[in-house]
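**Student:** Quick one, run-v6.cif (mmCIF, C-alpha atoms):
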data_query
#
loop_
_atom_site.label_atom_id
_atom_site.label_comp_id
_atom_site.auth_asym_id
_atom_site.auth_seq_id
_atom_site.Cartn_x
_atom_site.Cartn_y
_atom_site.Cartn_z
CA MET A 1 -9.20 59.02 105.15
CA TYR A 2 -11.92 57.76 102.80
CA THR A 3 -11.81 60.95 100.69
CA ILE A 4 -8.05 60.58 100.29
CA VAL A 5 -8.24 56.92 99.29
CA ILE A 6 -10.94 57.41 96.65
CA GLN A 7 -8.90 60.17 94.97
CA LEU A 8 -5.53 58.42 95.30
CA GLY A 9 -5.72 56.69 91.92
CA ALA A 10 -6.35 59.95 90.07
CA ILE A 11 -3.66 61.75 92.04
CA LEU A 12 -1.06 59.06 91.33
CA ALA A 13 -2.06 58.81 87.66
CA LEU A 14 -1.34 62.49 86.95
CA PRO A 15 2.47 62.35 87.26
CA VAL A 16 2.51 59.23 85.08
CA TYR A 17 0.24 60.71 82.42
CA PHE A 18 2.03 64.09 82.35
CA ARG A 19 5.58 62.79 82.92
CA LYS A 20 6.91 64.14 79.60
CA ARG A 21 5.51 67.63 80.25
CA ILE A 22 6.74 67.62 83.87
CA LEU A 23 10.25 66.67 82.72
CA GLU A 24 10.13 69.47 80.12
CA PHE A 25 9.23 71.99 82.83
CA LEU A 26 11.98 70.73 85.13
CA SER A 27 14.60 70.82 82.37
CA THR A 28 13.70 74.40 81.33
CA PHE A 29 13.45 75.84 84.86
CA PRO A 30 13.85 78.82 85.42
CA LYS A 31 14.47 80.18 81.88
CA GLY A 32 11.46 78.55 80.19
CA GLU A 33 11.20 76.96 76.75
CA ARG A 34 11.85 80.25 74.95
CA GLY A 35 14.35 81.63 77.45
CA ASP A 36 12.10 84.57 78.36
CA ARG A 37 11.05 83.43 81.86
CA ASN A 38 12.54 83.81 85.32
CA PHE A 39 12.04 82.11 88.69
CA LEU A 40 8.72 83.89 89.35
CA THR A 41 7.23 83.57 85.86
CA HIS A 42 8.16 79.98 84.96
CA PRO A 43 5.16 77.61 84.71
CA LEU A 44 6.43 75.55 87.67
CA SER A 45 6.46 78.63 89.88
CA LEU A 46 3.04 79.70 88.63
CA THR A 47 1.70 76.22 89.38
CA MET A 48 3.01 76.54 92.93
CA VAL A 49 1.32 79.96 93.24
CA ALA A 50 -2.02 78.43 92.18
CA PHE A 51 -1.46 75.59 94.68
CA VAL A 52 -0.69 77.99 97.55
CA VAL A 53 -3.74 80.13 96.74
CA THR A 54 -5.82 76.94 97.04
CA ALA A 55 -4.03 75.19 99.92
CA LEU A 56 -3.50 77.96 102.48
CA PRO A 57 -7.14 79.01 102.89
CA ALA A 58 -8.25 75.36 102.79
CA TRP A 59 -5.77 74.49 105.53
CA ALA A 60 -6.82 77.52 107.61
CA LEU A 61 -10.51 76.59 107.30
CA THR A 62 -10.14 72.83 107.81
CA LYS A 63 -12.45 72.72 110.83
CA VAL A 64 -15.18 74.83 109.20
CA ILE A 65 -15.01 72.79 106.01
CA GLY A 66 -15.09 69.50 107.91
CA LYS A 67 -18.04 70.60 110.04
CA ASN A 68 -20.16 71.50 107.01
CA LEU A 69 -18.98 68.77 104.65
CA GLU A 70 -22.02 66.55 105.20
CA SER A 71 -24.67 69.27 105.61
CA LEU A 72 -27.35 68.86 102.94
CA TRP A 73 -28.16 72.58 103.08
CA VAL A 74 -24.55 73.59 102.52
CA ILE A 75 -24.16 71.07 99.70
CA SER A 76 -27.42 72.19 98.06
CA ILE A 77 -26.58 75.88 98.23
CA ALA A 78 -23.01 75.25 97.04
CA LEU A 79 -24.25 73.25 94.04
CA LEU A 80 -26.81 75.91 93.14
CA VAL A 81 -24.46 78.87 93.54
CA GLY A 82 -21.59 76.97 91.89
CA GLY A 83 -23.76 76.08 88.90
CA ILE A 84 -24.82 79.70 88.47
CA VAL A 85 -21.21 80.91 88.72
CA MET A 86 -20.06 78.32 86.16
CA TRP A 87 -22.85 79.33 83.81
CA ILE A 88 -21.94 83.03 84.11
CA VAL A 89 -18.21 82.37 83.62
CA ASP A 90 -18.86 80.19 80.58
CA ALA A 91 -21.14 82.83 79.05
CA THR A 92 -18.93 85.81 79.90
CA PHE A 93 -15.38 84.66 79.20
CA THR A 94 -15.46 83.27 75.68
CA ARG A 95 -12.20 84.67 74.26
CA VAL A 96 -9.10 82.50 74.78
CA ARG A 97 -6.00 84.62 75.44
CA VAL A 98 -3.54 81.91 76.46
CA THR A 99 -3.14 78.70 74.49
CA HIS A 100 0.24 77.57 75.83
CA MET A 101 1.21 77.32 79.49
CA GLU A 102 4.39 79.31 78.84
CA GLU A 103 2.20 82.37 78.09
CA MET A 104 0.49 82.36 81.49
CA ASN A 105 1.17 85.18 83.95
CA LEU A 106 1.00 85.55 87.74
CA PHE A 107 -2.52 87.03 87.77
CA GLN A 108 -3.82 84.07 85.77
CA ALA A 109 -2.09 81.60 88.13
CA ILE A 110 -3.86 83.22 91.07
CA TRP A 111 -7.21 83.04 89.25
CA ILE A 112 -6.66 79.35 88.62
CA GLY A 113 -6.23 78.76 92.37
CA VAL A 114 -9.10 80.90 93.66
CA PRO A 115 -12.05 78.99 92.14
CA ASP A 116 -10.42 75.70 93.07
CA PHE A 117 -10.43 76.77 96.72
CA VAL A 118 -13.82 78.43 96.70
CA GLY A 119 -15.69 75.46 95.33
CA GLY A 120 -13.30 72.81 94.16
CA PHE A 121 -14.56 73.62 90.67
CA SER A 122 -11.78 71.82 88.81
CA ARG A 123 -12.80 68.49 90.35
CA ASN A 124 -16.55 68.99 90.68
CA VAL A 125 -17.13 70.34 87.20
CA ALA A 126 -15.25 67.42 85.69
CA LEU A 127 -18.23 65.24 86.58
CA ASN A 128 -20.56 67.40 84.46
CA GLU A 129 -18.12 68.64 81.84
CA TYR A 130 -19.09 68.80 78.21
CA ASP A 131 -16.59 71.21 76.68
CA CYS A 132 -13.42 69.26 75.90
CA GLY A 133 -12.00 69.06 79.38
CA ARG A 134 -12.05 72.73 80.36
CA THR A 135 -12.67 71.98 84.02
CA ASN A 136 -11.48 75.02 85.95
CA ARG A 137 -13.53 78.21 85.64
CA GLY A 138 -10.47 80.13 86.85
CA LEU A 139 -8.67 78.95 83.74
CA ILE A 140 -11.56 80.10 81.60
CA ALA A 141 -11.97 83.46 83.36
CA SER A 142 -8.25 84.23 83.11
CA GLY A 143 -8.23 83.47 79.41
CA CYS A 144 -6.50 80.08 79.60
CA THR A 145 -7.92 76.79 78.33
#
Can you present the structure in this file as structure tokens?
**Tutor:**
Amino acid sequence: MYTIVIQLGAILALPVYFRKRILEFLSTFPKGERGDRNFLTHPLSLTMVAFVVTALPAWALTKVIGKNLESLWVISIALLVGGIVMWIVDATFTRVRVTHMEEMNLFQAIWIGVPDFVGGFSRNVALNEYDCGRTNRGLIASGCT
């Protein structure tokens, strides 16, 4: 319960902060801003794909995650491996291919969800971020910023 409460403010602030963009997505669903999207390729659907890619494995592994959540060895190894992975992704994927969410495709949506499940990178990296808010290595690796 504690982990939910400490993140509640940030979770509730997101819909308020992004309300204009959320309303734009809802009003253009499923055709998109340019009229070239469908139900599966609209940003709302792609966001749900990224969520499912993150949520399903996390739900399936709830007991394993909970058991190891306070292990100093697991935390230490995760921080070390996660730091190395972030360093490699930052060094390898330097070319931005998508600058607008409407340009994102299904493969990129999946790659946004995978790192978030594997290490919670989008939240953890935000604590150490230096590069203008690019906080999800899946976004970087798939060419999105």
**Student:** With a cut-off of 12 Å, could you pull out the residues of range 38-118 of chain A touching range 8-21 of chain A and give me the nearest pair of atoms for each, distance in Å to one decimal, using only C-alpha atoms, ordered by chain and ascending number, as a tab-separated table?
**Tutor:**
residue	atom	partner	partner_atom	distance
A:Pro43	CA	A:Arg21	CA	10.9
A:Leu44	CA	A:Arg21	CA	10.9
A:Met101	CA	A:Arg21	CA	10.6
A:Glu102	CA	A:Arg21	CA	11.8
**Student:** Counting all atoms listed in the file, which residue out of A:Met1, A:Val49, A:Ile88, A:Val81 sits closest to Ile112 in chain A?
**Tutor:** A:Val49
**Student:** Nearest to Leu46 in chain A among A:Gly32, A:Leu61, A:Ile75, A:Ile84, with distances taken over all atoms listed in the file: which residue is it?
**Tutor:** A:Gly32
**Student:** Produce the centre coordinates and the three edge lengths, each in Å to one decimal, of the box along x, y and z that contains all listed atoms of range 48-51 of chain A with 3 Å added on each side, as JSON.
**Tutor:**
{"center_x": 0.5, "center_y": 77.8, "center_z": 93.4, "size_x": 11.0, "size_y": 10.4, "size_z": 8.5}
**Student:** As an exercise, work out the distance from CA of Arg37 in chain A to CA of Phe25 in chain A in Å and give it to one decimal place.
**Tutor:**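 CA of Arg37 in chain A sits 11.6 Å away from CA of Phe25 in chain A.
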